[in-house]
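Peer 1: The structure under discussion is supplied below as structure tokens; questions concerning it will follow.
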Amino acid sequence: MCGIVGISHHKQASQMAFLGLYALQHRGEEASGIVSYDGKEAHVLKKVGLAVDNFDENSISSLKGHMAIAHTRYSTTGSSHIKNIQPILVTHRKKPIAVAHNGNLTNTEELYFRLEEEGSIFQTSMDSEIFVHLLAKSPNGDLKQCLVNVLSQVKGAYSIVLLVENCLIGARDPQGFRPLCLGKLGDGYVLVSESCALDLMKAEFVREIEPGEIVIIKGNKLESVYLPEARKSKKAHCIFENVYFARPDSYIFSDNVYQVRKRLGAQLAKEHPAKADFVMGIPDSGIYAAIGYAQELDLPFEVGMIRNHYIGRTFIQPSQFLREFRVRVKLNPIRDLIKGKKVIVVEDSIVRGTTSRNRIEELRDAGAKEIHMRISCPPIMSPCFYGIDFPSTKELIAFNKTVQEIADFIKVDSLAYLSLEGMLSVMRDKGFCTACFTGKYPVEIPKNTDKLKLE
Ligand code: AMP
């Protein structure tokens, strides 16, 4: 998963891009980068690590220009190698072309090998590099036609921002797997993965880019063109963005994420009520559904576990002792609240089950009398090929165990998941990809599913 930003026509374009990355940091913590363009020259800075650590006043002011694109990375194709940091910047026909991509393409190998046969030399092991090669190969003519031609060749999930000389371009695949929205900032426009980034820049939310839409922004002028496939394709927004990934203060897929999560929790309470002294959520991701759950049943909501916000990357250490220390230091239960109580614990989802098991053990150690766990989405049974790093089926606990077996593994008194129908019933938008729950993939999945296939 990744976060992307594009700024057109602003005298502090790279500062704005930095704010965008700051707000979208949750979408990827591995690496971050900004490319700016001053009308003559492109400037680039890319580093491993968080945006806040990678950019300071000096480095940002060296990224001159009125336009910028930026990226924050969580690898879903290619390793965490330095060569794989985005945006990717190349020069072609004396013009800069830069791309920042969120999502995973599904016909990567086919395009990669075809392009290599035709003479392209790839510098990264990311599917995202395909965009620049296809662009470079397009005839030097009408930019709109060229973009339609390029994007008609790629399949799968992409929300992208491109900088092609003086134009900022934003596009979403015809299914609209990943979010992308448009804002107005002064005279120009901005493109960001989630609307929370607009708030930090003090940009005005205009609308979401539509599935299959390409917007071309030149100066303060914007025009749109649609991929022919957009009309034929069913929308398939990633439902897991709403469950876990996006920030609750964002507006994506025609809805506010916080309110969606509360509605998921309320629906979960209708389907699987329980009796308890109070409801709590596992911070942070489970809290919003927990509030909805508690309100629906008129039960008290308590915070239950406190998050230590100073846990940084320094804690990512190879030894088992330090790994366990990291889990413990991140969340600490409030013992006086929990001791002797019957508790309903809401979590947004279970993937491998290992974190949930640790959290429940901590609540038991704190003296909980009964623990009833409720999950605000259905069991995750299938890997994702569209940009969420869900492991292979053998690591997905729900693929290998029944709900009762999972309850035994996590050591809870009861466990229940929200139904798929219940989940979809509370969504305002109706076109969602639910492949991680159903195994029904809306776009054909790649034959070779190895994340490192281009290494
Ligand atoms: P676990 O109990 O180990 O399955 O951890 C569950 C928590 O990790 C939930 O809050 C999940 O939403 C969160 N999570 C989100 N994305 C992932 C992922 N790609 N892999 C593993 N856990 C994830």
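Please note that chains go A, B, ... in the order of the structure tokens, that every chain numbers its residues from 1, and that ligands are numbered from 1 in the order shown.
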What are the closest atom pairs, with distances in Å to one decimal, for all residues of stretch 162-207 of chain A lying within 9 Å of stretch 102-115 of chain A? Consider only C-alpha atoms, order rows by chain and residue number, and present the result as a Markdown table.

Peer 2:
| residue | atom | partner | partner_atom | distance |
| --- | --- | --- | --- | --- |
| A:Phe177 | CA | A:Gly103 | CA | 7.7 |
| A:Arg178 | CA | A:Gly103 | CA | 6.5 |
| A:Pro179 | CA | A:Asn102 | CA | 8.9 |
| A:Ser193 | CA | A:Asn102 | CA | 8.4 |

Peer 1: Please produce a file of those selected residues containing all heavy atoms, as a short mmCIF file (atom, residue, chain, number, x, y, z; two decimals), in the first residue's frame.

Peer 2:
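File produced: out-v9.cif:
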data_model
loop_
_atom_site.label_atom_id
_atom_site.label_comp_id
_atom_site.auth_asym_id
_atom_site.auth_seq_id
_atom_site.Cartn_x
_atom_site.Cartn_y
_atom_site.Cartn_z
N PHE A 177 -9.96 0.64 -7.67
CA PHE A 177 -9.56 -0.11 -6.46
C PHE A 177 -9.07 0.83 -5.35
O PHE A 177 -9.50 0.73 -4.21
CB PHE A 177 -8.42 -1.08 -6.79
CG PHE A 177 -8.87 -2.33 -7.48
CD1 PHE A 177 -8.68 -2.50 -8.85
CD2 PHE A 177 -9.48 -3.34 -6.77
CE1 PHE A 177 -9.08 -3.66 -9.48
CE2 PHE A 177 -9.88 -4.52 -7.39
CZ PHE A 177 -9.69 -4.67 -8.76
N ARG A 178 -8.14 1.71 -5.71
CA ARG A 178 -7.52 2.58 -4.69
C ARG A 178 -8.11 3.98 -4.78
O ARG A 178 -8.49 4.44 -5.86
CB ARG A 178 -6.00 2.66 -4.91
CG ARG A 178 -5.31 1.32 -4.86
CD ARG A 178 -5.14 0.81 -3.45
NE ARG A 178 -5.26 -0.64 -3.43
CZ ARG A 178 -5.97 -1.32 -2.55
NH1 ARG A 178 -6.61 -0.69 -1.61
NH2 ARG A 178 -6.03 -2.62 -2.60
N PRO A 179 -8.15 4.71 -3.68
CA PRO A 179 -8.74 6.05 -3.71
C PRO A 179 -7.81 7.09 -4.36
O PRO A 179 -6.61 6.87 -4.45
CB PRO A 179 -8.93 6.37 -2.22
CG PRO A 179 -7.93 5.53 -1.50
CD PRO A 179 -7.69 4.31 -2.34
N SER A 193 -4.09 10.75 -2.18
CA SER A 193 -4.75 9.46 -1.97
C SER A 193 -6.00 9.61 -1.10
O SER A 193 -7.01 8.96 -1.37
CB SER A 193 -3.81 8.49 -1.27
OG SER A 193 -2.73 8.17 -2.07
#

Peer 1: At a cut-off of 7 Å around ligand 1, and using only C-alpha atoms and all ligand atoms, what residues come up? Please write them as a PyMOL selection string.

Peer 2: chain A and resi 244-245+285-286+347-357+388-391

Peer 1: Restricting the output to C-alpha atoms, write the selected residues as an mmCIF file, in the first residue's frame.

Peer 2:
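The resulting file, out.cif, is shown below:
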data_model
loop_
_atom_site.group_PDB
_atom_site.id
_atom_site.type_symbol
_atom_site.label_atom_id
_atom_site.label_comp_id
_atom_site.auth_asym_id
_atom_site.auth_seq_id
_atom_site.Cartn_x
_atom_site.Cartn_y
_atom_site.Cartn_z
ATOM 1 C CA TYR A 244 -8.523 -0.704 8.299
ATOM 2 C CA PHE A 245 -6.292 1.144 5.935
ATOM 3 C CA SER A 285 -7.938 0.323 14.330
ATOM 4 C CA GLY A 286 -10.662 -1.362 16.425
ATOM 5 C CA GLU A 347 -11.030 -5.457 16.400
ATOM 6 C CA ASP A 348 -11.295 -4.347 12.772
ATOM 7 C CA SER A 349 -9.980 -7.626 11.336
ATOM 8 C CA ILE A 350 -7.871 -10.703 11.973
ATOM 9 C CA VAL A 351 -5.192 -11.551 9.426
ATOM 10 C CA ARG A 352 -2.671 -13.978 10.938
ATOM 11 C CA GLY A 353 -4.142 -13.916 14.425
ATOM 12 C CA THR A 354 -0.820 -13.380 16.174
ATOM 13 C CA THR A 355 -1.339 -9.794 17.343
ATOM 14 C CA SER A 356 -4.876 -10.560 18.491
ATOM 15 C CA ARG A 357 -3.624 -13.502 20.525
ATOM 16 C CA ILE A 388 -2.860 -4.827 0.243
ATOM 17 C CA ASP A 389 -0.059 -6.961 1.602
ATOM 18 C CA PHE A 390 -2.174 -9.931 2.664
ATOM 19 C CA PRO A 391 -0.097 -13.038 2.964
#

Peer 1: Using only C-alpha atoms, which protein or nucleic acid residues come within 9 Å of A:Asn166? Drop anything in the same chain fewer than 6 positions from it, and give the result as a list in words.

Peer 2: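 Result of the neighbour search: Ser8, Tyr37, Asp38, Gly39, Met67, Ile217, Lys218 and Gly219 of chain A.
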
Peer 1: When DSSP is applied to the backbone of this structure, which of stretch 172-209 of chain A are assigned strand (DSSP E)? Write them out as a PDB file with all heavy atoms, in the first residue's frame.

Peer 2:
ATOM      1  N   ARG A 172      -7.128   6.886 -12.252  1.00  0.00           N
ATOM      2  CA  ARG A 172      -7.517   5.684 -11.489  1.00  0.00           C
ATOM      3  C   ARG A 172      -7.902   4.585 -12.465  1.00  0.00           C
ATOM      4  O   ARG A 172      -8.481   4.863 -13.525  1.00  0.00           O
ATOM      5  CB  ARG A 172      -8.737   5.989 -10.616  1.00  0.00           C
ATOM      6  CG  ARG A 172      -8.400   6.558  -9.269  1.00  0.00           C
ATOM      7  CD  ARG A 172      -9.669   6.923  -8.550  1.00  0.00           C
ATOM      8  NE  ARG A 172     -10.172   5.857  -7.721  1.00  0.00           N
ATOM      9  CZ  ARG A 172     -11.397   5.854  -7.193  1.00  0.00           C
ATOM     10  NH1 ARG A 172     -12.226   6.847  -7.429  1.00  0.00           N
ATOM     11  NH2 ARG A 172     -11.787   4.856  -6.421  1.00  0.00           N
ATOM     12  N   CYS A 181      -8.195  11.611  -4.680  1.00  0.00           N
ATOM     13  CA  CYS A 181      -9.123  12.739  -4.752  1.00  0.00           C
ATOM     14  C   CYS A 181      -8.451  14.036  -5.144  1.00  0.00           C
ATOM     15  O   CYS A 181      -7.231  14.193  -5.085  1.00  0.00           O
ATOM     16  CB  CYS A 181      -9.972  12.842  -3.494  1.00  0.00           C
ATOM     17  SG  CYS A 181      -9.076  13.248  -2.037  1.00  0.00           S
ATOM     18  N   LEU A 182      -9.304  14.950  -5.568  1.00  0.00           N
ATOM     19  CA  LEU A 182      -8.875  16.217  -6.161  1.00  0.00           C
ATOM     20  C   LEU A 182      -9.224  17.353  -5.210  1.00  0.00           C
ATOM     21  O   LEU A 182     -10.325  17.391  -4.650  1.00  0.00           O
ATOM     22  CB  LEU A 182      -9.645  16.399  -7.487  1.00  0.00           C
ATOM     23  CG  LEU A 182      -9.421  17.702  -8.244  1.00  0.00           C
ATOM     24  CD1 LEU A 182      -8.044  17.703  -8.914  1.00  0.00           C
ATOM     25  CD2 LEU A 182     -10.511  17.878  -9.319  1.00  0.00           C
ATOM     26  N   GLY A 183      -8.258  18.259  -5.045  1.00  0.00           N
ATOM     27  CA  GLY A 183      -8.516  19.430  -4.213  1.00  0.00           C
ATOM     28  C   GLY A 183      -8.100  20.694  -4.940  1.00  0.00           C
ATOM     29  O   GLY A 183      -7.377  20.652  -5.940  1.00  0.00           O
ATOM     30  N   LYS A 184      -8.547  21.815  -4.418  1.00  0.00           N
ATOM     31  CA  LYS A 184      -8.172  23.112  -5.007  1.00  0.00           C
ATOM     32  C   LYS A 184      -7.313  23.820  -3.971  1.00  0.00           C
ATOM     33  O   LYS A 184      -7.675  23.897  -2.789  1.00  0.00           O
ATOM     34  CB  LYS A 184      -9.467  23.891  -5.288  1.00  0.00           C
ATOM     35  CG  LYS A 184      -9.303  25.150  -6.060  1.00  0.00           C
ATOM     36  CD  LYS A 184      -9.628  24.898  -7.555  1.00  0.00           C
ATOM     37  CE  LYS A 184      -9.354  26.083  -8.451  1.00  0.00           C
ATOM     38  NZ  LYS A 184      -7.994  26.378  -8.768  1.00  0.00           N
ATOM     39  N   LEU A 185      -6.171  24.307  -4.425  1.00  0.00           N
ATOM     40  CA  LEU A 185      -5.260  25.004  -3.518  1.00  0.00           C
ATOM     41  C   LEU A 185      -4.797  26.282  -4.210  1.00  0.00           C
ATOM     42  O   LEU A 185      -4.045  26.215  -5.185  1.00  0.00           O
ATOM     43  CB  LEU A 185      -4.071  24.096  -3.191  1.00  0.00           C
ATOM     44  CG  LEU A 185      -3.039  24.619  -2.201  1.00  0.00           C
ATOM     45  CD1 LEU A 185      -3.629  24.797  -0.811  1.00  0.00           C
ATOM     46  CD2 LEU A 185      -1.863  23.643  -2.112  1.00  0.00           C
ATOM     47  N   GLY A 188      -4.216  26.635  -8.135  1.00  0.00           N
ATOM     48  CA  GLY A 188      -3.932  25.330  -8.739  1.00  0.00           C
ATOM     49  C   GLY A 188      -4.749  24.205  -8.132  1.00  0.00           C
ATOM     50  O   GLY A 188      -5.624  24.413  -7.296  1.00  0.00           O
ATOM     51  N   TYR A 189      -4.405  22.989  -8.573  1.00  0.00           N
ATOM     52  CA  TYR A 189      -5.084  21.792  -8.076  1.00  0.00           C
ATOM     53  C   TYR A 189      -4.099  20.882  -7.370  1.00  0.00           C
ATOM     54  O   TYR A 189      -2.902  20.930  -7.640  1.00  0.00           O
ATOM     55  CB  TYR A 189      -5.696  21.025  -9.240  1.00  0.00           C
ATOM     56  CG  TYR A 189      -6.899  21.700  -9.839  1.00  0.00           C
ATOM     57  CD1 TYR A 189      -6.768  22.493 -10.976  1.00  0.00           C
ATOM     58  CD2 TYR A 189      -8.158  21.547  -9.270  1.00  0.00           C
ATOM     59  CE1 TYR A 189      -7.875  23.118 -11.528  1.00  0.00           C
ATOM     60  CE2 TYR A 189      -9.264  22.165  -9.819  1.00  0.00           C
ATOM     61  CZ  TYR A 189      -9.124  22.951 -10.948  1.00  0.00           C
ATOM     62  OH  TYR A 189     -10.212  23.557 -11.479  1.00  0.00           O
ATOM     63  N   VAL A 190      -4.633  20.026  -6.490  1.00  0.00           N
ATOM     64  CA  VAL A 190      -3.798  18.990  -5.884  1.00  0.00           C
ATOM     65  C   VAL A 190      -4.516  17.653  -5.980  1.00  0.00           C
ATOM     66  O   VAL A 190      -5.739  17.603  -6.029  1.00  0.00           O
ATOM     67  CB  VAL A 190      -3.445  19.304  -4.397  1.00  0.00           C
ATOM     68  CG1 VAL A 190      -2.629  20.563  -4.286  1.00  0.00           C
ATOM     69  CG2 VAL A 190      -4.672  19.414  -3.534  1.00  0.00           C
ATOM     70  N   LEU A 191      -3.714  16.597  -6.019  1.00  0.00           N
ATOM     71  CA  LEU A 191      -4.247  15.239  -6.051  1.00  0.00           C
ATOM     72  C   LEU A 191      -3.661  14.486  -4.869  1.00  0.00           C
ATOM     73  O   LEU A 191      -2.450  14.560  -4.641  1.00  0.00           O
ATOM     74  CB  LEU A 191      -3.830  14.549  -7.351  1.00  0.00           C
ATOM     75  CG  LEU A 191      -4.430  15.109  -8.633  1.00  0.00           C
ATOM     76  CD1 LEU A 191      -3.595  14.689  -9.844  1.00  0.00           C
ATOM     77  CD2 LEU A 191      -5.873  14.640  -8.800  1.00  0.00           C
ATOM     78  N   VAL A 192      -4.496  13.785  -4.118  1.00  0.00           N
ATOM     79  CA  VAL A 192      -3.994  13.061  -2.945  1.00  0.00           C
ATOM     80  C   VAL A 192      -4.747  11.743  -2.785  1.00  0.00           C
ATOM     81  O   VAL A 192      -5.908  11.645  -3.172  1.00  0.00           O
ATOM     82  CB  VAL A 192      -4.161  13.885  -1.633  1.00  0.00           C
ATOM     83  CG1 VAL A 192      -3.216  15.065  -1.594  1.00  0.00           C
ATOM     84  CG2 VAL A 192      -5.588  14.360  -1.439  1.00  0.00           C
ATOM     85  N   GLU A 204      -9.074  22.828  -0.596  1.00  0.00           N
ATOM     86  CA  GLU A 204     -10.515  22.583  -0.573  1.00  0.00           C
ATOM     87  C   GLU A 204     -10.799  21.269  -1.307  1.00  0.00           C
ATOM     88  O   GLU A 204     -10.267  21.043  -2.403  1.00  0.00           O
ATOM     89  CB  GLU A 204     -11.159  23.758  -1.310  1.00  0.00           C
ATOM     90  CG  GLU A 204     -12.653  23.799  -1.339  1.00  0.00           C
ATOM     91  CD  GLU A 204     -13.101  24.802  -2.402  1.00  0.00           C
ATOM     92  OE1 GLU A 204     -12.398  25.836  -2.565  1.00  0.00           O
ATOM     93  OE2 GLU A 204     -14.094  24.530  -3.070  1.00  0.00           O
ATOM     94  N   PHE A 205     -11.598  20.412  -0.699  1.00  0.00           N
ATOM     95  CA  PHE A 205     -11.962  19.150  -1.353  1.00  0.00           C
ATOM     96  C   PHE A 205     -12.864  19.452  -2.548  1.00  0.00           C
ATOM     97  O   PHE A 205     -13.865  20.149  -2.403  1.00  0.00           O
ATOM     98  CB  PHE A 205     -12.692  18.244  -0.352  1.00  0.00           C
ATOM     99  CG  PHE A 205     -13.209  16.959  -0.946  1.00  0.00           C
ATOM    100  CD1 PHE A 205     -12.396  15.854  -1.074  1.00  0.00           C
ATOM    101  CD2 PHE A 205     -14.528  16.871  -1.387  1.00  0.00           C
ATOM    102  CE1 PHE A 205     -12.875  14.667  -1.636  1.00  0.00           C
ATOM    103  CE2 PHE A 205     -15.015  15.692  -1.946  1.00  0.00           C
ATOM    104  CZ  PHE A 205     -14.180  14.592  -2.073  1.00  0.00           C
ATOM    105  N   VAL A 206     -12.506  18.956  -3.725  1.00  0.00           N
ATOM    106  CA  VAL A 206     -13.367  19.169  -4.900  1.00  0.00           C
ATOM    107  C   VAL A 206     -14.207  17.927  -5.156  1.00  0.00           C
ATOM    108  O   VAL A 206     -15.422  17.955  -5.107  1.00  0.00           O
ATOM    109  CB  VAL A 206     -12.531  19.556  -6.153  1.00  0.00           C
ATOM    110  CG1 VAL A 206     -13.420  19.709  -7.373  1.00  0.00           C
ATOM    111  CG2 VAL A 206     -11.755  20.836  -5.897  1.00  0.00           C
ATOM    112  N   ARG A 207     -13.545  16.797  -5.388  1.00  0.00           N
ATOM    113  CA  ARG A 207     -14.272  15.548  -5.637  1.00  0.00           C
ATOM    114  C   ARG A 207     -13.267  14.413  -5.716  1.00  0.00           C
ATOM    115  O   ARG A 207     -12.053  14.643  -5.750  1.00  0.00           O
ATOM    116  CB  ARG A 207     -15.058  15.636  -6.942  1.00  0.00           C
ATOM    117  CG  ARG A 207     -14.186  15.811  -8.175  1.00  0.00           C
ATOM    118  CD  ARG A 207     -15.032  15.828  -9.439  1.00  0.00           C
ATOM    119  NE  ARG A 207     -14.237  16.111 -10.623  1.00  0.00           N
ATOM    120  CZ  ARG A 207     -13.594  15.198 -11.347  1.00  0.00           C
ATOM    121  NH1 ARG A 207     -13.618  13.924 -11.002  1.00  0.00           N
ATOM    122  NH2 ARG A 207     -12.898  15.538 -12.416  1.00  0.00           N
ATOM    123  N   GLU A 208     -13.787  13.178  -5.797  1.00  0.00           N
ATOM    124  CA  GLU A 208     -12.901  12.040  -6.043  1.00  0.00           C
ATOM    125  C   GLU A 208     -12.682  11.913  -7.555  1.00  0.00           C
ATOM    126  O   GLU A 208     -13.581  12.231  -8.334  1.00  0.00           O
ATOM    127  CB  GLU A 208     -13.546  10.767  -5.507  1.00  0.00           C
ATOM    128  CG  GLU A 208     -13.667  10.789  -3.991  1.00  0.00           C
ATOM    129  CD  GLU A 208     -14.191   9.488  -3.430  1.00  0.00           C
ATOM    130  OE1 GLU A 208     -13.403   8.542  -3.301  1.00  0.00           O
ATOM    131  OE2 GLU A 208     -15.388   9.425  -3.116  1.00  0.00           O
TER     132      GLU A 208
END

Peer 1: Taking only C-alpha atoms into account, name the residue in A:Tyr22, A:Phe325, A:Phe122, A:Phe437 that is nearest to A:Asn54.

Peer 2: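 Counting only C-alpha atoms, the residue closest to A:Asn54 is A:Tyr22.
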
Peer 1: Apply DSSP to the structure's backbone, then extract all residues of stretch 17-95 of chain A labelled helix (DSSP H, G or I) and return them as a count of residues only.

Peer 2: 23

Peer 1: Might you pull out every residue within 12 Å of A:Asn140, with only C-alpha atoms counted and same-chain residues fewer than 5 positions away left off, and present them as a PDB file with N, CA, C and O atoms, in the first residue's frame?

Peer 2:
ATOM      1  N   HIS A  92      12.960  12.004 -20.961  1.00  0.00           N
ATOM      2  CA  HIS A  92      12.710  11.423 -22.277  1.00  0.00           C
ATOM      3  C   HIS A  92      12.395  12.550 -23.241  1.00  0.00           C
ATOM      4  O   HIS A  92      11.571  13.414 -22.935  1.00  0.00           O
ATOM      5  N   ARG A  93      13.027  12.526 -24.410  1.00  0.00           N
ATOM      6  CA  ARG A  93      12.892  13.615 -25.395  1.00  0.00           C
ATOM      7  C   ARG A  93      13.086  14.976 -24.712  1.00  0.00           C
ATOM      8  O   ARG A  93      12.297  15.891 -24.868  1.00  0.00           O
ATOM      9  N   LYS A  95      12.360  15.844 -21.856  1.00  0.00           N
ATOM     10  CA  LYS A  95      11.309  16.253 -20.917  1.00  0.00           C
ATOM     11  C   LYS A  95      11.320  15.306 -19.722  1.00  0.00           C
ATOM     12  O   LYS A  95      11.531  14.098 -19.878  1.00  0.00           O
ATOM     13  N   LEU A 135       4.893   5.185 -21.519  1.00  0.00           N
ATOM     14  CA  LEU A 135       4.780   6.595 -21.916  1.00  0.00           C
ATOM     15  C   LEU A 135       5.888   6.979 -22.888  1.00  0.00           C
ATOM     16  O   LEU A 135       5.651   7.646 -23.893  1.00  0.00           O
ATOM     17  N   GLN A 145      -4.431  11.396 -25.832  1.00  0.00           N
ATOM     18  CA  GLN A 145      -4.480  10.145 -26.580  1.00  0.00           C
ATOM     19  C   GLN A 145      -3.409   9.190 -26.092  1.00  0.00           C
ATOM     20  O   GLN A 145      -3.624   7.994 -25.943  1.00  0.00           O
ATOM     21  N   CYS A 146      -2.242   9.769 -25.830  1.00  0.00           N
ATOM     22  CA  CYS A 146      -1.104   8.974 -25.387  1.00  0.00           C
ATOM     23  C   CYS A 146      -1.423   8.319 -24.018  1.00  0.00           C
ATOM     24  O   CYS A 146      -1.165   7.135 -23.801  1.00  0.00           O
ATOM     25  N   LEU A 147      -2.033   9.072 -23.119  1.00  0.00           N
ATOM     26  CA  LEU A 147      -2.365   8.527 -21.792  1.00  0.00           C
ATOM     27  C   LEU A 147      -3.423   7.427 -21.903  1.00  0.00           C
ATOM     28  O   LEU A 147      -3.331   6.390 -21.239  1.00  0.00           O
TER      29      LEU A 147
END

Peer 1: May I have the residues within 6 Å of A:Tyr293 as a PDB file with all heavy atoms, in the first residue's frame, using only C-alpha atoms and disregarding those fewer than 5 positions away in the same chain?

Peer 2:
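result_7.pdb was written with the following content:
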ATOM      1  N   GLY A 265     -19.533  -1.345  13.122  1.00  0.00           N
ATOM      2  CA  GLY A 265     -19.629  -1.784  14.522  1.00  0.00           C
ATOM      3  C   GLY A 265     -21.074  -1.955  14.961  1.00  0.00           C
ATOM      4  O   GLY A 265     -21.418  -2.931  15.650  1.00  0.00           O
ATOM      5  N   ALA A 266     -21.935  -1.034  14.547  1.00  0.00           N
ATOM      6  CA  ALA A 266     -23.356  -1.115  14.922  1.00  0.00           C
ATOM      7  C   ALA A 266     -23.992  -2.360  14.300  1.00  0.00           C
ATOM      8  O   ALA A 266     -24.756  -3.086  14.954  1.00  0.00           O
ATOM      9  CB  ALA A 266     -24.084   0.149  14.468  1.00  0.00           C
ATOM     10  N   ALA A 269     -22.975  -5.394  16.141  1.00  0.00           N
ATOM     11  CA  ALA A 269     -23.730  -5.529  17.400  1.00  0.00           C
ATOM     12  C   ALA A 269     -25.107  -6.134  17.142  1.00  0.00           C
ATOM     13  O   ALA A 269     -25.592  -6.952  17.927  1.00  0.00           O
ATOM     14  CB  ALA A 269     -23.867  -4.155  18.065  1.00  0.00           C
TER      15      ALA A 269
END

Peer 1: At most 8 Å is the cut-off: for each residue in stretch 395-434 of chain A with any atom that close to an atom of stretch 374-379 of chain A, write down the nearest atom pair and the distance in Å rounded to one decimal, counting only C-alpha atoms, chain first then increasing number, as a Markdown table.

Peer 2:
| residue | atom | partner | partner_atom | distance |
| --- | --- | --- | --- | --- |
| A:Ala398 | CA | A:Pro379 | CA | 5.7 |
| A:Leu415 | CA | A:Arg374 | CA | 5.8 |
| A:Ala416 | CA | A:Arg374 | CA | 5.1 |
| A:Tyr417 | CA | A:Ile375 | CA | 4.7 |
| A:Leu418 | CA | A:Cys377 | CA | 4.9 |
| A:Ser419 | CA | A:Pro378 | CA | 5.4 |
| A:Leu420 | CA | A:Pro378 | CA | 5.9 |
| A:Met423 | CA | A:Cys377 | CA | 6.7 |

Peer 1: Any chance you can output those residues with C-alpha atoms as a PDB file, in the first residue's frame?

Peer 2:
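What ended up in part-v8.pdb:
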ATOM      1  CA  ALA A 398      -9.273 -17.981   8.672  1.00  0.00           C
ATOM      2  CA  LEU A 415     -15.584 -14.895  18.774  1.00  0.00           C
ATOM      3  CA  ALA A 416     -17.871 -13.607  16.012  1.00  0.00           C
ATOM      4  CA  TYR A 417     -17.331 -11.876  12.674  1.00  0.00           C
ATOM      5  CA  LEU A 418     -19.524  -9.433  10.781  1.00  0.00           C
ATOM      6  CA  SER A 419     -21.286 -11.071   7.814  1.00  0.00           C
ATOM      7  CA  LEU A 420     -20.495 -10.033   4.244  1.00  0.00           C
ATOM      8  CA  MET A 423     -20.977  -5.297   5.850  1.00  0.00           C
TER       9      MET A 423
END

Peer 1: Between A:Lys262, A:Lys270, A:Lys330, A:His237, which residue has the minimum interatomic distance to A:Thr434, considering only C-alpha atoms?

Peer 2: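 Ranked by minimum distance to A:Thr434, first place goes to A:His237.
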
Peer 1: Neighbouring residues of stretch 58-64 of chain A were defined as those with any atom within 12 Å, considering only C-alpha atoms; residues of the same chain fewer than 2 positions away were excluded. Please report them as a VMD selection string.

Peer 2: chain A and resid 10 to 19 33 to 47 51 to 56 66 to 70

Peer 1: Near A:Gln175, within 10 Å and counting only C-alpha atoms, which residues show up once chain neighbours fewer than 4 positions away are dropped, as a PyMOL selection string?

Peer 2: chain A and resi 155-158+210-212+229-230+232-238+431-433+442-443

Peer 1: For the atom pair atom CA of A:Glu223 and atom CA of A:Ile209, what is the interatomic distance in Å to one decimal place?

Peer 2: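 If I compute the distance from atom CA of A:Glu223 to atom CA of A:Ile209, I get 11.8 Å.
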
Peer 1: Could you check which of A:Val260, A:Cys196, A:Val148, A:Ala98 is closest to A:Leu168, using only C-alpha atoms?

Peer 2: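 Under the stated criterion, the closest residue is A:Ala98.
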